[in-house]
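*Asks:* Input file: query_35.pdb. Contents: PDB, C-alpha atoms, pLDDT in the B column.
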```
ATOM      1  CA  MET A   1     134.025  44.635  89.419  1.00 57.00           C
ATOM      2  CA  ALA A   2     135.075  47.866  87.762  1.00 55.00           C
ATOM      3  CA  ARG A   3     131.758  47.991  85.875  1.00 57.00           C
ATOM      4  CA  ARG A   4     129.840  47.527  89.094  1.00 57.00           C
ATOM      5  CA  ASN A   5     131.749  50.387  90.752  1.00 59.00           C
ATOM      6  CA  ALA A   6     131.200  52.591  87.694  1.00 54.00           C
ATOM      7  CA  ALA A   7     127.484  51.762  87.679  1.00 55.00           C
ATOM      8  CA  ALA A   8     127.239  52.477  91.402  1.00 57.00           C
ATOM      9  CA  ALA A   9     128.991  55.813  90.920  1.00 59.00           C
ATOM     10  CA  THR A  10     126.628  56.679  88.053  1.00 64.00           C
ATOM     11  CA  ASP A  11     123.580  55.749  90.146  1.00 65.00           C
ATOM     12  CA  SER A  12     124.928  57.763  93.053  1.00 68.00           C
ATOM     13  CA  SER A  13     125.465  60.858  90.918  1.00 69.00           C
ATOM     14  CA  ARG A  14     122.031  60.415  89.302  1.00 75.00           C
ATOM     15  CA  ASN A  15     120.414  60.145  92.758  1.00 79.00           C
ATOM     16  CA  THR A  16     122.290  63.214  93.903  1.00 80.00           C
ATOM     17  CA  SER A  17     121.195  65.066  90.776  1.00 83.00           C
ATOM     18  CA  ASP A  18     117.560  63.983  91.265  1.00 89.00           C
ATOM     19  CA  LEU A  19     117.665  65.028  94.904  1.00 89.00           C
ATOM     20  CA  GLU A  20     119.177  68.385  93.979  1.00 91.00           C
ATOM     21  CA  GLU A  21     116.474  68.984  91.339  1.00 93.00           C
ATOM     22  CA  PHE A  22     113.798  68.025  93.847  1.00 92.00           C
ATOM     23  CA  LEU A  23     115.192  70.358  96.505  1.00 94.00           C
ATOM     24  CA  VAL A  24     115.588  73.265  94.077  1.00 95.00           C
ATOM     25  CA  GLY A  25     111.993  72.788  92.923  1.00 95.00           C
ATOM     26  CA  ARG A  26     110.792  72.615  96.510  1.00 96.00           C
ATOM     27  CA  LEU A  27     112.671  75.800  97.378  1.00 97.00           C
ATOM     28  CA  ARG A  28     111.093  77.601  94.421  1.00 97.00           C
ATOM     29  CA  ARG A  29     107.595  76.490  95.426  1.00 97.00           C
ATOM     30  CA  LEU A  30     108.176  77.541  99.023  1.00 97.00           C
ATOM     31  CA  ALA A  31     109.567  80.921  97.950  1.00 97.00           C
ATOM     32  CA  LYS A  32     106.493  81.485  95.769  1.00 97.00           C
ATOM     33  CA  GLN A  33     104.212  80.486  98.644  1.00 98.00           C
ATOM     34  CA  LEU A  34     106.106  82.831 100.967  1.00 97.00           C
ATOM     35  CA  ARG A  35     105.710  85.759  98.537  1.00 96.00           C
ATOM     36  CA  ARG A  36     101.953  85.134  98.290  1.00 97.00           C
ATOM     37  CA  GLN A  37     101.595  84.928 102.067  1.00 97.00           C
ATOM     38  CA  LYS A  38     103.665  88.082 102.578  1.00 94.00           C
ATOM     39  CA  ALA A  39     101.461  89.958 100.088  1.00 92.00           C
ATOM     40  CA  THR A  40      98.352  88.756 101.928  1.00 94.00           C
ATOM     41  CA  ASN A  41      99.813  89.788 105.283  1.00 94.00           C
ATOM     42  CA  ASP A  42     100.857  93.210 103.966  1.00 91.00           C
ATOM     43  CA  GLU A  43      97.349  93.850 102.646  1.00 90.00           C
ATOM     44  CA  ALA A  44      95.798  92.785 105.968  1.00 93.00           C
ATOM     45  CA  GLU A  45      98.195  95.065 107.842  1.00 92.00           C
ATOM     46  CA  ALA A  46      97.315  97.942 105.497  1.00 90.00           C
ATOM     47  CA  LYS A  47      93.615  97.379 106.245  1.00 91.00           C
ATOM     48  CA  LEU A  48      94.312  97.480 109.978  1.00 92.00           C
ATOM     49  CA  LEU A  49      96.290 100.700 109.543  1.00 91.00           C
ATOM     50  CA  LEU A  50      93.420 102.247 107.591  1.00 90.00           C
ATOM     51  CA  HIS A  51      91.028 101.443 110.434  1.00 92.00           C
ATOM     52  CA  ASP A  52      93.454 102.954 112.937  1.00 92.00           C
ATOM     53  CA  VAL A  53      93.739 106.106 110.816  1.00 89.00           C
ATOM     54  CA  ILE A  54      89.949 106.375 110.463  1.00 89.00           C
ATOM     55  CA  ARG A  55      89.473 105.979 114.212  1.00 91.00           C
ATOM     56  CA  GLY A  56      92.153 108.568 114.910  1.00 90.00           C
ATOM     57  CA  HIS A  57      94.512 106.188 116.686  1.00 90.00           C
ATOM     58  CA  LYS A  58      97.240 106.762 114.087  1.00 88.00           C
ATOM     59  CA  ASP A  59      98.208 109.396 111.586  1.00 89.00           C
ATOM     60  CA  VAL A  60      98.708 108.723 107.878  1.00 87.00           C
ATOM     61  CA  GLY A  61     102.341 109.665 108.439  1.00 88.00           C
ATOM     62  CA  ASP A  62     102.666 106.612 110.700  1.00 83.00           C
ATOM     63  CA  VAL A  63     102.227 104.234 107.750  1.00 85.00           C
ATOM     64  CA  PRO A  64     105.567 102.501 107.074  1.00 87.00           C
ATOM     65  CA  ARG A  65     107.049 103.082 103.632  1.00 89.00           C
ATOM     66  CA  GLU A  66     106.989  99.408 102.714  1.00 87.00           C
ATOM     67  CA  LEU A  67     103.205  99.378 103.234  1.00 86.00           C
ATOM     68  CA  LEU A  68     102.370 102.597 101.389  1.00 88.00           C
ATOM     69  CA  ALA A  69     101.477 100.879  98.107  1.00 89.00           C
ATOM     70  CA  ASP A  70      99.218  98.378  99.880  1.00 90.00           C
ATOM     71  CA  PHE A  71      97.713 101.167 101.980  1.00 89.00           C
ATOM     72  CA  LYS A  72      96.971 103.197  98.852  1.00 90.00           C
ATOM     73  CA  LYS A  73      95.372 100.163  97.204  1.00 90.00           C
ATOM     74  CA  VAL A  74      93.122  99.557 100.228  1.00 90.00           C
ATOM     75  CA  VAL A  75      92.093 103.227 100.375  1.00 91.00           C
ATOM     76  CA  GLU A  76      91.266 103.257  96.646  1.00 93.00           C
ATOM     77  CA  GLU A  77      89.215 100.061  96.977  1.00 92.00           C
ATOM     78  CA  ARG A  78      87.265 101.523  99.884  1.00 92.00           C
ATOM     79  CA  LEU A  79      86.639 104.751  97.979  1.00 93.00           C
ATOM     80  CA  GLN A  80      85.306 102.787  95.010  1.00 95.00           C
ATOM     81  CA  GLU A  81      83.041 100.765  97.287  1.00 93.00           C
ATOM     82  CA  ALA A  82      81.755 103.933  98.925  1.00 93.00           C
ATOM     83  CA  ALA A  83      81.121 105.595  95.554  1.00 93.00           C
ATOM     84  CA  ALA A  84      79.253 102.502  94.327  1.00 94.00           C
ATOM     85  CA  ASN A  85      77.114 102.421  97.479  1.00 93.00           C
ATOM     86  CA  ILE A  86      76.306 106.115  97.163  1.00 93.00           C
ATOM     87  CA  TYR A  87      75.372 105.633  93.511  1.00 92.00           C
ATOM     88  CA  LEU A  88      73.136 102.648  94.278  1.00 90.00           C
ATOM     89  CA  ARG A  89      71.353 104.496  97.083  1.00 91.00           C
ATOM     90  CA  SER A  90      70.695 107.481  94.832  1.00 89.00           C
ATOM     91  CA  LEU A  91      68.726 105.334  92.349  1.00 85.00           C
TER      92      LEU A  91
END
```
Turn the structure described in the file into structure tokens.

*Replies:*
Amino acid sequence: MARRNAAAATDSSRNTSDLEEFLVGRLRRLAKQLRRQKATNDEAEAKLLLHDVIRGHKDVGDVPRELLADFKKVVEERLQEAAANIYLRSL
């Protein structure tokens, strides 16, 4: 009887440990997925801000600080694309 109770307690703690490992792993995967989605959303928002600035609806000073790096990246990408297009048309 005592062995059975000890075995049940061991199984219970093992199941709890397995469940905890599973949940921790799931939380890590979800956090990683959330970071990727946030980065994608920030880049999309930076692109929208760039269009608003180009159209004159907003000023560059209206860009929130947390989006400045993404905004700069989008502007640099667009400048490179424009330079490449100009170069190709001049050939």

*Asks:* For Lys72 (chain A), which residue among A:Lys47, A:Lys58, A:Arg14, A:Arg29 is the nearest when counting only C-alpha atoms?

*Replies:*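 Ranked by minimum distance to Lys72 (chain A), first place goes to A:Lys47.
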
*Asks:* What separation in Å, quoted to one decimal, exists between CA of Lys38 (chain A) and CA of Ala69 (chain A)?

*Replies:*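 Distance reported for this atom pair: 13.7 Å.
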
*Asks:* Could you tell me which residues the PyMOL selection byres ((chain A and resi 48) around 12) returns for this structure, as a CSV table (one decimal) with C-alpha atoms, in the frame of the given file?

*Replies:*
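Printed below is out-v2.csv as written:
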```
chain,number,residue,atom,x,y,z
A,41,ASN,CA,99.8,89.8,105.3
A,42,ASP,CA,100.9,93.2,104.0
A,43,GLU,CA,97.3,93.8,102.6
A,44,ALA,CA,95.8,92.8,106.0
A,45,GLU,CA,98.2,95.1,107.8
A,46,ALA,CA,97.3,97.9,105.5
A,47,LYS,CA,93.6,97.4,106.2
A,49,LEU,CA,96.3,100.7,109.5
A,50,LEU,CA,93.4,102.2,107.6
A,51,HIS,CA,91.0,101.4,110.4
A,52,ASP,CA,93.5,103.0,112.9
A,53,VAL,CA,93.7,106.1,110.8
A,54,ILE,CA,89.9,106.4,110.5
A,55,ARG,CA,89.5,106.0,114.2
A,57,HIS,CA,94.5,106.2,116.7
A,58,LYS,CA,97.2,106.8,114.1
A,63,VAL,CA,102.2,104.2,107.8
A,67,LEU,CA,103.2,99.4,103.2
A,70,ASP,CA,99.2,98.4,99.9
A,71,PHE,CA,97.7,101.2,102.0
A,74,VAL,CA,93.1,99.6,100.2
A,75,VAL,CA,92.1,103.2,100.4
```

*Asks:* Padding of 8 Å on every side, edges along x, y and z, all listed atoms of region 26-40 of chain A included: what centre and edge lengths in Å, to one decimal, does that box have, as lines of an AutoDock Vina configuration file?

*Replies:*
```
center_x = 105.5
center_y = 81.3
center_z = 98.5
size_x = 30.3
size_y = 33.3
size_z = 24.2
```

*Asks:* Using Å and a single decimal, report how far CA of Glu66 (chain A) sits from CA of Ala39 (chain A).

*Replies:*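 Computing it gives 11.3 Å between the two atoms.
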